[in-house]
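Visitor: If it helps, the file is called my_file_19.pdb and holds PDB, C-alpha atoms (C1' of nucleotides):
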```pdb
ATOM      1  CA  MET W   1      93.048  73.498 147.590
ATOM      2  CA  SER W   2      90.709  71.131 145.789
ATOM      3  CA  ARG W   3      91.313  69.610 142.435
ATOM      4  CA  LYS W   4      88.628  71.794 140.969
ATOM      5  CA  ASP W   5      90.228  74.956 142.279
ATOM      6  CA  GLN W   6      93.498  73.971 140.664
ATOM      7  CA  ASP W   7      91.740  73.376 137.396
ATOM      8  CA  VAL W   8      90.330  76.878 137.495
ATOM      9  CA  GLU W   9      93.803  78.291 138.068
ATOM     10  CA  ARG W  10      95.153  76.253 135.228
ATOM     11  CA  GLN W  11      92.458  77.526 132.964
ATOM     12  CA  ILE W  12      93.142  81.123 133.892
ATOM     13  CA  LEU W  13      96.812  80.560 133.203
ATOM     14  CA  HIS W  14      96.013  79.012 129.875
ATOM     15  CA  GLU W  15      93.751  81.811 128.754
ATOM     16  CA  LEU W  16      96.084  84.546 129.933
ATOM     17  CA  THR W  17      98.993  82.935 128.130
ATOM     18  CA  LEU W  18      97.022  82.497 124.956
ATOM     19  CA  TYR W  19      95.974  86.120 125.034
ATOM     20  CA  GLY W  20      99.491  87.305 125.778
ATOM     21  CA  ARG W  21     100.830  85.267 122.933
ATOM     22  CA  ARG W  22      98.446  86.682 120.368
ATOM     23  CA  VAL W  23      98.091  90.271 121.381
ATOM     24  CA  ARG W  24     101.016  91.717 119.476
ATOM     25  CA  ALA W  25     100.172  90.179 116.180
ATOM     26  CA  VAL W  26      96.546  91.159 116.504
ATOM     27  CA  VAL W  27      97.224  94.733 117.556
ATOM     28  CA  GLN W  28      99.828  95.116 114.847
ATOM     29  CA  ARG W  29      97.317  94.163 112.241
ATOM     30  CA  VAL W  30      94.902  96.845 113.367
ATOM     31  CA  HIS W  31      97.294  99.778 112.953
ATOM     32  CA  PRO W  32     100.498  98.888 111.108
ATOM     33  CA  ASP W  33     101.679 102.499 111.334
ATOM     34  CA  LEU W  34     102.148 102.290 115.087
ATOM     35  CA  SER W  35     104.000  99.301 116.509
ATOM     36  CA  PHE W  36     102.615  97.549 119.540
ATOM     37  CA  VAL W  37     105.493  98.873 121.585
ATOM     38  CA  ALA W  38     105.081 102.424 120.362
ATOM     39  CA  TYR W  39     101.343 102.231 120.856
ATOM     40  CA  THR W  40     101.573 101.166 124.463
ATOM     41  CA  MET W  41     104.201 103.726 125.357
ATOM     42  CA  LEU W  42     102.453 106.579 123.628
ATOM     43  CA  SER W  43      99.300 105.478 125.342
ATOM     44  CA  HIS W  44     100.892 105.538 128.755
ATOM     45  CA  VAL W  45     102.334 108.997 128.267
ATOM     46  CA  TYR W  46      98.956 110.175 127.013
ATOM     47  CA  ASP W  47      97.282 108.998 130.192
ATOM     48  CA  GLU W  48     100.130 109.989 132.481
ATOM     49  CA  ASP W  49     101.254 113.251 130.969
ATOM     50  CA  GLY W  50     104.681 114.306 132.147
ATOM     51  CA  CYS W  51     105.845 110.840 133.123
ATOM     52  CA  ARG W  52     109.440 109.917 132.399
ATOM     53  CA  ALA W  53     111.083 107.133 130.441
ATOM     54  CA  MET W  54     111.886 105.461 133.702
ATOM     55  CA  ASP W  55     108.190 105.205 134.533
ATOM     56  CA  LEU W  56     107.559 103.418 131.263
ATOM     57  CA  ALA W  57     110.338 100.954 132.044
ATOM     58  CA  ARG W  58     108.839 100.227 135.436
ATOM     59  CA  VAL W  59     105.252  99.859 134.273
ATOM     60  CA  TYR W  60     106.089  97.581 131.363
ATOM     61  CA  ALA W  61     108.912  95.660 133.021
ATOM     62  CA  LEU W  62     111.400  96.734 130.363
ATOM     63  CA  ASP W  63     115.049  97.677 130.539
ATOM     64  CA  LYS W  64     115.690 101.401 130.547
ATOM     65  CA  SER W  65     117.835 101.076 127.437
ATOM     66  CA  THR W  66     114.929  99.606 125.521
ATOM     67  CA  VAL W  67     112.658 102.417 126.583
ATOM     68  CA  SER W  68     115.332 104.981 125.849
ATOM     69  CA  ARG W  69     115.568 103.840 122.252
ATOM     70  CA  GLN W  70     111.836 103.617 121.760
ATOM     71  CA  VAL W  71     111.297 107.059 123.191
ATOM     72  CA  ALA W  72     114.118 108.520 121.107
ATOM     73  CA  ASP W  73     112.522 107.024 118.024
ATOM     74  CA  MET W  74     109.107 108.424 118.840
ATOM     75  CA  ILE W  75     110.568 111.846 119.515
ATOM     76  CA  ALA W  76     112.373 111.687 116.177
ATOM     77  CA  ARG W  77     109.085 110.774 114.517
ATOM     78  CA  GLY W  78     107.359 113.688 116.177
ATOM     79  CA  LEU W  79     104.979 111.665 118.308
ATOM     80  CA  LEU W  80     106.518 112.558 121.660
ATOM     81  CA  VAL W  81     108.135 115.657 123.103
ATOM     82  CA  ARG W  82     110.489 115.781 126.042
ATOM     83  CA  GLY W  83     110.178 118.819 128.279
ATOM     84  CA  ALA W  84     112.089 119.963 131.283
ATOM     85  CA  ASP W  85     113.120 117.438 133.908
ATOM     86  CA  HIS W  86     112.732 114.503 131.501
ATOM     87  CA  ALA W  87     108.973 114.931 131.433
ATOM     88  CA  LEU W  88     107.388 113.328 128.371
ATOM     89  CA  HIS W  89     104.373 114.663 126.515
ATOM     90  CA  VAL W  90     102.412 113.432 123.530
ATOM     91  CA  SER W  91     102.609 115.816 120.583
ATOM     92  CA  ARG W  92      99.565 116.936 118.637
ATOM     93  CA  ASP W  93     100.421 114.479 115.873
ATOM     94  CA  GLY W  94     100.991 111.761 118.418
ATOM     95  CA  ALA W  95      97.616 112.393 119.988
ATOM     96  CA  ARG W  96      95.854 112.275 116.651
ATOM     97  CA  ILE W  97      97.468 108.994 115.690
ATOM     98  CA  LEU W  98      96.953 107.472 119.116
ATOM     99  CA  GLU W  99      93.306 108.404 119.225
ATOM    100  CA  GLY W 100      92.804 106.837 115.834
ATOM    101  CA  ALA W 101      94.480 103.624 116.916
ATOM    102  CA  ARG W 102      92.506 103.507 120.119
ATOM    103  CA  GLU W 103      89.249 103.991 118.343
ATOM    104  CA  GLN W 104      90.058 101.179 115.930
ATOM    105  CA  GLN W 105      90.879  98.925 118.810
ATOM    106  CA  ARG W 106      87.807  99.883 120.720
ATOM    107  CA  GLU W 107      85.664  98.970 117.734
ATOM    108  CA  LEU W 108      87.387  95.631 117.424
ATOM    109  CA  LEU W 109      86.852  95.028 121.110
ATOM    110  CA  ALA W 110      83.215  95.983 120.834
ATOM    111  CA  ALA W 111      82.795  93.347 118.136
ATOM    112  CA  ARG W 112      84.404  90.764 120.385
ATOM    113  CA  LEU W 113      82.182  91.657 123.287
ATOM    114  CA  ALA W 114      79.035  91.447 121.215
ATOM    115  CA  GLY W 115      76.548  89.427 123.186
ATOM    116  CA  TRP W 116      78.091  90.230 126.554
ATOM    117  CA  THR W 117      75.794  91.760 129.108
ATOM    118  CA  ALA W 118      76.699  95.033 130.759
ATOM    119  CA  ALA W 119      77.297  93.188 134.004
ATOM    120  CA  GLU W 120      79.701  90.786 132.332
ATOM    121  CA  ARG W 121      81.639  93.646 130.810
ATOM    122  CA  ARG W 122      81.929  95.442 134.102
ATOM    123  CA  SER W 123      82.971  92.255 135.788
ATOM    124  CA  PHE W 124      85.627  91.534 133.159
ATOM    125  CA  ALA W 125      87.038  95.035 133.471
ATOM    126  CA  GLU W 126      87.133  94.827 137.221
ATOM    127  CA  LEU W 127      88.733  91.392 137.387
ATOM    128  CA  LEU W 128      91.379  92.365 134.859
ATOM    129  CA  ARG W 129      92.099  95.500 136.819
ATOM    130  CA  ARG W 130      92.571  93.549 139.999
ATOM    131  CA  TYR W 131      94.750  91.017 138.280
ATOM    132  CA  ASN W 132      97.038  93.649 136.816
ATOM    133  CA  GLU W 133      97.207  95.460 140.107
ATOM    134  CA  ALA W 134      98.376  92.288 141.807
ATOM    135  CA  GLU W 135     100.879  91.512 139.072
ATOM    136  CA  ALA W 136     102.526  94.890 139.414
ATOM    137  CA  GLU W 137     103.558  94.152 142.958
TER     138      GLU W 137
ATOM    139  CA  MET P   1      75.805 102.969 123.716
ATOM    140  CA  SER P   2      76.034 105.118 126.785
ATOM    141  CA  ARG P   3      79.053 107.001 127.910
ATOM    142  CA  LYS P   4      79.437 104.610 130.789
ATOM    143  CA  ASP P   5      79.440 101.578 128.518
ATOM    144  CA  GLN P   6      82.198 103.130 126.457
ATOM    145  CA  ASP P   7      84.196 103.757 129.590
ATOM    146  CA  VAL P   8      83.964 100.090 130.486
ATOM    147  CA  GLU P   9      85.209  99.123 127.049
ATOM    148  CA  ARG P  10      88.056 101.569 127.345
ATOM    149  CA  GLN P  11      88.991 100.116 130.670
ATOM    150  CA  ILE P  12      88.974  96.578 129.354
ATOM    151  CA  LEU P  13      91.176  97.698 126.485
ATOM    152  CA  HIS P  14      93.529  99.393 128.869
ATOM    153  CA  GLU P  15      93.882  96.401 131.142
ATOM    154  CA  LEU P  16      94.268  93.938 128.308
ATOM    155  CA  THR P  17      96.964  96.080 126.724
ATOM    156  CA  LEU P  18      98.809  96.504 129.974
ATOM    157  CA  TYR P  19      98.726  92.784 130.552
ATOM    158  CA  GLY P  20      99.838  92.009 127.021
ATOM    159  CA  ARG P  21     102.684  94.426 127.335
ATOM    160  CA  ARG P  22     104.059  92.927 130.502
ATOM    161  CA  VAL P  23     103.458  89.249 130.088
ATOM    162  CA  ARG P  24     106.635  88.339 128.267
ATOM    163  CA  ALA P  25     108.988  90.037 130.636
ATOM    164  CA  VAL P  26     107.196  88.591 133.624
ATOM    165  CA  VAL P  27     107.058  85.053 132.278
ATOM    166  CA  GLN P  28     110.669  85.256 131.191
ATOM    167  CA  ARG P  29     111.717  86.072 134.695
ATOM    168  CA  VAL P  30     109.996  83.007 136.086
ATOM    169  CA  HIS P  31     111.832  80.482 133.926
ATOM    170  CA  PRO P  32     114.778  81.938 132.018
ATOM    171  CA  ASP P  33     115.589  78.519 130.564
ATOM    172  CA  LEU P  34     112.433  78.456 128.455
ATOM    173  CA  SER P  35     111.588  81.544 126.406
ATOM    174  CA  PHE P  36     108.043  82.815 126.375
ATOM    175  CA  VAL P  37     107.719  81.749 122.774
ATOM    176  CA  ALA P  38     109.099  78.286 123.406
ATOM    177  CA  TYR P  39     106.958  77.920 126.506
ATOM    178  CA  THR P  40     103.734  78.700 124.718
ATOM    179  CA  MET P  41     104.468  76.430 121.788
ATOM    180  CA  LEU P  42     105.603  73.546 123.907
ATOM    181  CA  SER P  43     102.525  74.056 125.999
ATOM    182  CA  HIS P  44     100.229  73.916 123.024
ATOM    183  CA  VAL P  45     101.789  70.733 121.700
ATOM    184  CA  TYR P  46     101.534  69.238 125.165
ATOM    185  CA  ASP P  47      97.812  69.905 125.281
ATOM    186  CA  GLU P  48      97.210  69.083 121.634
ATOM    187  CA  ASP P  49      99.513  66.162 121.073
ATOM    188  CA  GLY P  50     100.148  65.445 117.434
ATOM    189  CA  CYS P  51      99.328  68.933 116.211
ATOM    190  CA  ARG P  52     101.461  70.377 113.435
ATOM    191  CA  ALA P  53     103.532  73.527 113.096
ATOM    192  CA  MET P  54     100.767  75.003 111.030
ATOM    193  CA  ASP P  55      98.342  74.694 113.932
ATOM    194  CA  LEU P  56     100.693  76.677 116.128
ATOM    195  CA  ALA P  57     100.899  79.406 113.525
ATOM    196  CA  ARG P  58      97.120  79.631 113.352
ATOM    197  CA  VAL P  59      96.510  79.619 117.081
ATOM    198  CA  TYR P  60      99.127  82.243 117.863
ATOM    199  CA  ALA P  61      98.661  84.357 114.744
ATOM    200  CA  LEU P  62     102.251  83.856 113.674
ATOM    201  CA  ASP P  63     103.873  83.409 110.313
ATOM    202  CA  LYS P  64     104.679  79.804 109.468
ATOM    203  CA  SER P  65     108.331  80.700 109.007
ATOM    204  CA  THR P  66     108.520  81.928 112.573
ATOM    205  CA  VAL P  67     106.970  78.747 113.872
ATOM    206  CA  SER P  68     109.181  76.633 111.655
ATOM    207  CA  ARG P  69     112.309  78.132 113.198
ATOM    208  CA  GLN P  70     111.029  77.884 116.734
ATOM    209  CA  VAL P  71     110.001  74.296 116.280
ATOM    210  CA  ALA P  72     113.320  73.418 114.632
ATOM    211  CA  ASP P  73     115.107  74.956 117.582
ATOM    212  CA  MET P  74     113.062  73.014 120.095
ATOM    213  CA  ILE P  75     113.597  69.790 118.221
ATOM    214  CA  ALA P  76     117.332  70.491 118.183
ATOM    215  CA  ARG P  77     117.193  71.078 121.923
ATOM    216  CA  GLY P  78     115.366  67.829 122.433
ATOM    217  CA  LEU P  79     112.129  69.314 123.722
ATOM    218  CA  LEU P  80     109.984  68.360 120.761
ATOM    219  CA  VAL P  81     109.867  65.392 118.412
ATOM    220  CA  ARG P  82     108.348  65.310 114.983
ATOM    221  CA  GLY P  83     106.700  62.090 113.994
ATOM    222  CA  ALA P  84     105.054  60.948 110.818
ATOM    223  CA  ASP P  85     102.815  63.315 108.906
ATOM    224  CA  HIS P  86     104.378  66.374 110.580
ATOM    225  CA  ALA P  87     102.805  65.476 113.902
ATOM    226  CA  LEU P  88     104.561  67.111 116.831
ATOM    227  CA  HIS P  89     105.033  65.561 120.246
ATOM    228  CA  VAL P  90     106.628  66.774 123.452
ATOM    229  CA  SER P  91     109.648  64.706 124.455
ATOM    230  CA  ARG P  92     110.164  63.367 127.965
ATOM    231  CA  ASP P  93     112.657  66.162 128.658
ATOM    232  CA  GLY P  94     110.285  68.696 127.192
ATOM    233  CA  ALA P  95     107.464  67.462 129.405
ATOM    234  CA  ARG P  96     109.613  67.642 132.505
ATOM    235  CA  ILE P  97     110.746  71.191 131.779
ATOM    236  CA  LEU P  98     107.282  72.319 130.774
ATOM    237  CA  GLU P  99     105.668  70.898 133.874
ATOM    238  CA  GLY P 100     108.223  72.665 136.010
ATOM    239  CA  ALA P 101     107.583  75.960 134.273
ATOM    240  CA  ARG P 102     103.842  75.530 134.537
ATOM    241  CA  GLU P 103     104.026  74.794 138.204
ATOM    242  CA  GLN P 104     106.123  77.879 138.820
ATOM    243  CA  GLN P 105     103.642  79.960 136.918
ATOM    244  CA  ARG P 106     100.697  78.430 138.674
ATOM    245  CA  GLU P 107     102.235  79.303 142.022
ATOM    246  CA  LEU P 108     102.830  82.853 140.903
ATOM    247  CA  LEU P 109      99.260  83.055 139.708
ATOM    248  CA  ALA P 110      97.992  81.660 142.979
ATOM    249  CA  ALA P 111      99.807  84.435 144.799
ATOM    250  CA  ARG P 112      98.204  87.007 142.543
ATOM    251  CA  LEU P 113      94.771  85.573 143.069
ATOM    252  CA  ALA P 114      95.136  85.536 146.827
ATOM    253  CA  GLY P 115      91.997  87.023 148.269
ATOM    254  CA  TRP P 116      89.841  86.160 145.287
ATOM    255  CA  THR P 117      86.757  84.143 145.992
ATOM    256  CA  ALA P 118      86.139  80.879 144.173
ATOM    257  CA  ALA P 119      83.312  82.526 142.286
ATOM    258  CA  GLU P 120      85.540  85.348 141.136
ATOM    259  CA  ARG P 121      88.140  82.917 139.896
ATOM    260  CA  ARG P 122      85.591  80.904 137.989
ATOM    261  CA  SER P 123      84.162  84.054 136.533
ATOM    262  CA  PHE P 124      87.584  85.330 135.472
ATOM    263  CA  ALA P 125      88.427  82.038 133.790
ATOM    264  CA  GLU P 126      85.125  81.954 131.978
ATOM    265  CA  LEU P 127      85.240  85.552 130.764
ATOM    266  CA  LEU P 128      88.812  85.156 129.532
ATOM    267  CA  ARG P 129      87.823  82.001 127.724
ATOM    268  CA  ARG P 130      84.958  83.726 125.998
ATOM    269  CA  TYR P 131      87.131  86.667 125.084
ATOM    270  CA  ASN P 132      89.807  84.486 123.531
ATOM    271  CA  GLU P 133      87.237  82.462 121.721
ATOM    272  CA  ALA P 134      85.819  85.604 120.158
ATOM    273  CA  GLU P 135      89.255  86.913 119.269
ATOM    274  CA  ALA P 136      90.152  83.780 117.410
ATOM    275  CA  GLU P 137      87.382  84.359 114.909
TER     276      GLU P 137
ATOM    277  C1'  DC U   1     134.063 118.911 148.124
ATOM    278  C1'  DG U   2     132.892 114.133 147.021
ATOM    279  C1'  DT U   3     130.216 110.060 147.136
ATOM    280  C1'  DA U   4     125.901 108.011 146.092
ATOM    281  C1'  DC U   5     121.712 108.054 143.598
ATOM    282  C1'  DT U   6     118.696 108.993 139.673
ATOM    283  C1'  DT U   7     117.879 109.205 134.874
ATOM    284  C1'  DG U   8     119.202 108.479 130.517
ATOM    285  C1'  DT U   9     122.276 106.985 126.389
ATOM    286  C1'  DT U  10     125.211 103.976 123.676
ATOM    287  C1'  DG U  11     127.842  99.619 122.342
ATOM    288  C1'  DT U  12     126.932  95.109 121.587
ATOM    289  C1'  DA U  13     124.849  90.871 120.906
ATOM    290  C1'  DG U  14     121.019  87.886 120.605
ATOM    291  C1'  DG U  15     116.049  86.756 120.034
ATOM    292  C1'  DT U  16     111.638  87.299 117.388
ATOM    293  C1'  DT U  17     109.170  88.214 113.486
ATOM    294  C1'  DA U  18     107.308  88.904 108.686
ATOM    295  C1'  DC U  19     107.618  88.484 103.834
ATOM    296  C1'  DA U  20     108.936  86.236  99.810
ATOM    297  C1'  DA U  21     110.787  82.552  97.390
ATOM    298  C1'  DC U  22     111.292  78.046  97.386
ATOM    299  C1'  DC U  23     110.688  72.648  98.033
ATOM    300  C1'  DA U  24     108.206  68.165  98.845
ATOM    301  C1'  DA U  25     104.105  65.671  99.172
ATOM    302  C1'  DT U  26      99.310  65.211  98.269
ATOM    303  C1'  DT U  27      95.046  65.945  96.024
ATOM    304  C1'  DC U  28      92.056  67.218  92.371
ATOM    305  C1'  DC U  29      90.258  66.866  88.073
ATOM    306  C1'  DG U  30      90.291  67.000  82.902
TER     307       DG U  30
ATOM    308  C1'  DC L   1      97.378  59.197  83.522
ATOM    309  C1'  DG L   2      99.365  63.824  84.256
ATOM    310  C1'  DG L   3      99.663  68.559  85.118
ATOM    311  C1'  DA L   4      97.704  72.227  88.304
ATOM    312  C1'  DA L   5      96.397  73.490  92.760
ATOM    313  C1'  DT L   6      96.788  72.822  97.658
ATOM    314  C1'  DT L   7      99.064  71.847 101.961
ATOM    315  C1'  DG L   8     102.872  71.889 105.163
ATOM    316  C1'  DG L   9     107.302  73.202 105.737
ATOM    317  C1'  DT L  10     112.111  75.581 105.121
ATOM    318  C1'  DT L  11     115.408  79.200 104.094
ATOM    319  C1'  DG L  12     117.203  83.979 102.780
ATOM    320  C1'  DT L  13     116.774  88.361 104.224
ATOM    321  C1'  DA L  14     115.850  92.401 106.708
ATOM    322  C1'  DA L  15     113.722  94.734 110.372
ATOM    323  C1'  DC L  16     112.581  95.239 114.994
ATOM    324  C1'  DC L  17     112.781  94.436 120.082
ATOM    325  C1'  DT L  18     115.294  93.469 123.981
ATOM    326  C1'  DA L  19     118.764  92.899 127.790
ATOM    327  C1'  DC L  20     123.138  93.696 129.867
ATOM    328  C1'  DA L  21     126.987  96.455 130.705
ATOM    329  C1'  DA L  22     129.493 100.565 130.537
ATOM    330  C1'  DC L  23     129.138 105.192 130.595
ATOM    331  C1'  DA L  24     127.514 110.304 131.152
ATOM    332  C1'  DA L  25     125.067 114.090 133.305
ATOM    333  C1'  DG L  26     122.656 115.938 136.859
ATOM    334  C1'  DT L  27     121.126 116.079 141.860
ATOM    335  C1'  DA L  28     121.174 115.226 146.805
ATOM    336  C1'  DC L  29     123.389 115.330 150.906
ATOM    337  C1'  DG L  30     126.891 114.511 154.435
TER     338       DG L  30
END
```
Just dump the structure as structure tokens.
Guide:
Amino acid sequence: MSRKDQDVERQILHELTLYGRRVRAVVQRVHPDLSFVAYTMLSHVYDEDGCRAMDLARVYALDKSTVSRQVADMIARGLLVRGADHALHVSRDGARILEGAREQQRELLAARLAGWTAAERRSFAELLRRYNEAEAE
Amino acid sequence: MSRKDQDVERQILHELTLYGRRVRAVVQRVHPDLSFVAYTMLSHVYDEDGCRAMDLARVYALDKSTVSRQVADMIARGLLVRGADHALHVSRDGARILEGAREQQRELLAARLAGWTAAERRSFAELLRRYNEAEAE
DNA sequence: CGTACTTGTTGTAGGTTACAACCAATTCCG
DNA sequence: CGGAATTGGTTGTAACCTACAACAAGTACG
């Protein structure tokens, strides 16, 4: 691998780390009513209706005890419902709040992507998808 | 904006969130001796020698009290040194540990980018850079 | 039946963070 | 000059997030 190739890897690492470091604070500021943790979990259940706490732990690389507490909290707050066989579902309230948060975030994202061409956006989405896919393994 | 464009934005949001949610746990696993927080701060000081605690707070969107404690801890552990005028510097030990952690991460990244073309890597680095640049504003 | 596995909860302890109040040093003007 | 504002940092406090370990309940299967 050439020097230049290594530089590119270093830059990717740098940018990913910077993003990862900031994301919580930034997201928190957008919707203080829903913590970053709660937001991501609610979001996952919304997209994967009927998934279990264990799935959340696996996807987000968290201990099951952490997820257990978060889920219990969200059930207590009426955002999640647990059905038969541990299956989780987003409640009506949860869906309303989640959709609001998502829309706020999407607007913020749109502002950040101002000036990007459609091709660049598609490319960014695709590269991120591939990266995450590889990381999950 | 077309429906398709919105879908792309939603996908970017999804992937960024997923990444942001996992990054700490993943990084932590790579080098348990250096917390994600410590790693990022040490890293920033390494790249921006002489920066102050305040700069870290700004870059990472953290409260100055949080940074103050983290920095104090790293100074106590001999990873950072504070010179005149609040200027921070990475100690020899800090540099050694940081370089080790970076190398481990770079290797992990390389594994994840296996199969990516050079053009894709460059593109990923560039798009991430632009995204972060926009977010900082 | 009983052992192993899956899924989840709880006890405990530590790490991270924000907010507010404060301190020290510097700068800015009136 | 001298007090007010600014800058950079620290500390008290409280909340939240997290992991690890021990446990409980249910299920699978030999």
Visitor: Using the chain letters and numbering of this document, enumerate as a list in words the residues selected by the PyMOL selection byres ((chain P and resi 47-57) around 8).
Guide: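 Here the PyMOL selection byres ((chain P and resi 47-57) around 8) matches Met41, Ser43, His44, Val45, Tyr46, Arg58, Val59, Tyr60, Ala61, Leu62, Asp63, Lys64, Val67, Ser68, Val71, His86, Ala87, Leu88, His89 and Val90 of chain P; DG8 of chain L.
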Visitor: Hey, what comes out of the PyMOL selection byres ((chain U and resi 16) around 8) on this file? Could you write it as a list in words?
Guide: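 Taken over the shown coordinates, the PyMOL selection byres ((chain U and resi 16) around 8) returns Thr66 of chain P; DG15 and DT17 of chain U; DC17 of chain L.
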Visitor: Take chain W, lay it over chain P with a least-squares fit on all the Cα atoms in order, then hand it over as a compact mmCIF listing (two decimals) with C-alpha atoms, in the frame of the given file.
Guide:
```
# COMPACT_ATOMS: atom_id res chain seq x y z
CA MET W 1 75.77 102.95 123.70
CA SER W 2 75.98 105.13 126.79
CA ARG W 3 79.01 107.00 127.93
CA LYS W 4 79.39 104.61 130.80
CA ASP W 5 79.38 101.59 128.54
CA GLN W 6 82.14 103.13 126.47
CA ASP W 7 84.16 103.76 129.59
CA VAL W 8 83.91 100.10 130.51
CA GLU W 9 85.16 99.12 127.07
CA ARG W 10 88.00 101.55 127.35
CA GLN W 11 88.95 100.13 130.68
CA ILE W 12 88.93 96.58 129.36
CA LEU W 13 91.11 97.68 126.48
CA HIS W 14 93.48 99.39 128.85
CA GLU W 15 93.83 96.42 131.15
CA LEU W 16 94.21 93.92 128.33
CA THR W 17 96.89 96.05 126.72
CA LEU W 18 98.75 96.49 129.96
CA TYR W 19 98.69 92.77 130.57
CA GLY W 20 99.78 92.00 127.03
CA ARG W 21 102.62 94.42 127.32
CA ARG W 22 104.00 92.93 130.50
CA VAL W 23 103.43 89.25 130.06
CA ARG W 24 106.63 88.37 128.25
CA ALA W 25 108.95 90.05 130.64
CA VAL W 26 107.16 88.58 133.62
CA VAL W 27 107.02 85.05 132.25
CA GLN W 28 110.64 85.24 131.17
CA ARG W 29 111.68 86.07 134.67
CA VAL W 30 109.96 83.01 136.07
CA HIS W 31 111.80 80.46 133.92
CA PRO W 32 114.75 81.92 132.02
CA ASP W 33 115.57 78.49 130.59
CA LEU W 34 112.44 78.44 128.45
CA SER W 35 111.61 81.52 126.39
CA PHE W 36 108.08 82.81 126.35
CA VAL W 37 107.75 81.71 122.76
CA ALA W 38 109.12 78.25 123.41
CA TYR W 39 106.98 77.91 126.50
CA THR W 40 103.75 78.69 124.71
CA MET W 41 104.50 76.43 121.77
CA LEU W 42 105.62 73.53 123.89
CA SER W 43 102.54 74.06 125.97
CA HIS W 44 100.25 73.92 122.98
CA VAL W 45 101.80 70.74 121.66
CA TYR W 46 101.54 69.23 125.13
CA ASP W 47 97.82 69.91 125.23
CA GLU W 48 97.22 69.11 121.58
CA ASP W 49 99.50 66.17 121.03
CA GLY W 50 100.15 65.48 117.38
CA CYS W 51 99.34 68.97 116.17
CA ARG W 52 101.48 70.42 113.40
CA ALA W 53 103.57 73.55 113.08
CA MET W 54 100.83 75.03 110.99
CA ASP W 55 98.39 74.73 113.89
CA LEU W 56 100.75 76.68 116.10
CA ALA W 57 100.98 79.42 113.48
CA ARG W 58 97.22 79.65 113.29
CA VAL W 59 96.58 79.64 117.02
CA TYR W 60 99.21 82.25 117.81
CA ALA W 61 98.76 84.38 114.70
CA LEU W 62 102.38 83.87 113.65
CA ASP W 63 103.99 83.40 110.27
CA LYS W 64 104.78 79.81 109.41
CA SER W 65 108.44 80.67 108.98
CA THR W 66 108.63 81.90 112.55
CA VAL W 67 107.05 78.74 113.84
CA SER W 68 109.24 76.62 111.62
CA ARG W 69 112.37 78.08 113.16
CA GLN W 70 111.09 77.85 116.70
CA VAL W 71 110.05 74.26 116.25
CA ALA W 72 113.36 73.36 114.61
CA ASP W 73 115.16 74.89 117.56
CA MET W 74 113.09 72.99 120.09
CA ILE W 75 113.62 69.74 118.22
CA ALA W 76 117.35 70.42 118.18
CA ARG W 77 117.21 71.03 121.92
CA GLY W 78 115.37 67.78 122.45
CA LEU W 79 112.14 69.29 123.73
CA LEU W 80 109.99 68.33 120.75
CA VAL W 81 109.87 65.36 118.41
CA ARG W 82 108.35 65.30 114.96
CA GLY W 83 106.65 62.07 113.96
CA ALA W 84 105.01 60.94 110.79
CA ASP W 85 102.82 63.35 108.87
CA HIS W 86 104.37 66.40 110.55
CA ALA W 87 102.80 65.48 113.87
CA LEU W 88 104.57 67.12 116.81
CA HIS W 89 105.03 65.56 120.23
CA VAL W 90 106.61 66.76 123.44
CA SER W 91 109.62 64.68 124.44
CA ARG W 92 110.12 63.34 127.94
CA ASP W 93 112.61 66.11 128.66
CA GLY W 94 110.26 68.66 127.19
CA ALA W 95 107.44 67.46 129.39
CA ARG W 96 109.57 67.62 132.50
CA ILE W 97 110.70 71.15 131.78
CA LEU W 98 107.24 72.30 130.77
CA GLU W 99 105.63 70.89 133.86
CA GLY W 100 108.19 72.66 136.00
CA ALA W 101 107.55 75.96 134.27
CA ARG W 102 103.82 75.55 134.54
CA GLU W 103 103.99 74.79 138.20
CA GLN W 104 106.10 77.88 138.82
CA GLN W 105 103.62 79.97 136.94
CA ARG W 106 100.68 78.46 138.70
CA GLU W 107 102.23 79.33 142.04
CA LEU W 108 102.83 82.88 140.93
CA LEU W 109 99.25 83.10 139.74
CA ALA W 110 97.99 81.70 143.00
CA ALA W 111 99.82 84.47 144.83
CA ARG W 112 98.21 87.05 142.57
CA LEU W 113 94.77 85.63 143.12
CA ALA W 114 95.15 85.59 146.87
CA GLY W 115 92.02 87.10 148.32
CA TRP W 116 89.85 86.22 145.33
CA THR W 117 86.77 84.20 146.06
CA ALA W 118 86.16 80.94 144.24
CA ALA W 119 83.32 82.57 142.35
CA GLU W 120 85.55 85.40 141.19
CA ARG W 121 88.16 82.96 139.96
CA ARG W 122 85.62 80.95 138.04
CA SER W 123 84.18 84.09 136.59
CA PHE W 124 87.59 85.37 135.52
CA ALA W 125 88.43 82.07 133.86
CA GLU W 126 85.13 81.98 132.05
CA LEU W 127 85.24 85.57 130.83
CA LEU W 128 88.80 85.17 129.59
CA ARG W 129 87.82 82.00 127.80
CA ARG W 130 84.96 83.72 126.07
CA TYR W 131 87.12 86.66 125.14
CA ASN W 132 89.79 84.48 123.59
CA GLU W 133 87.21 82.44 121.77
CA ALA W 134 85.81 85.58 120.20
CA GLU W 135 89.24 86.91 119.32
CA ALA W 136 90.14 83.76 117.44
CA GLU W 137 87.38 84.33 114.95
```
Visitor: Identify which of the residues W:Arg129, W:Arg122, W:Arg69, W:Arg21 lies closest to chain L, counting all atoms listed in the file when measuring atom-to-atom distances.
Guide: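 Counting all atoms listed in the file, the residue closest to chain L is W:Arg69.
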Visitor: Could you jot down the CA of Asp33 in chain P to CA of Leu18 in chain W separation for me, Å, one decimal place?
Guide: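 CA of Asp33 in chain P sits 19.8 Å away from CA of Leu18 in chain W.
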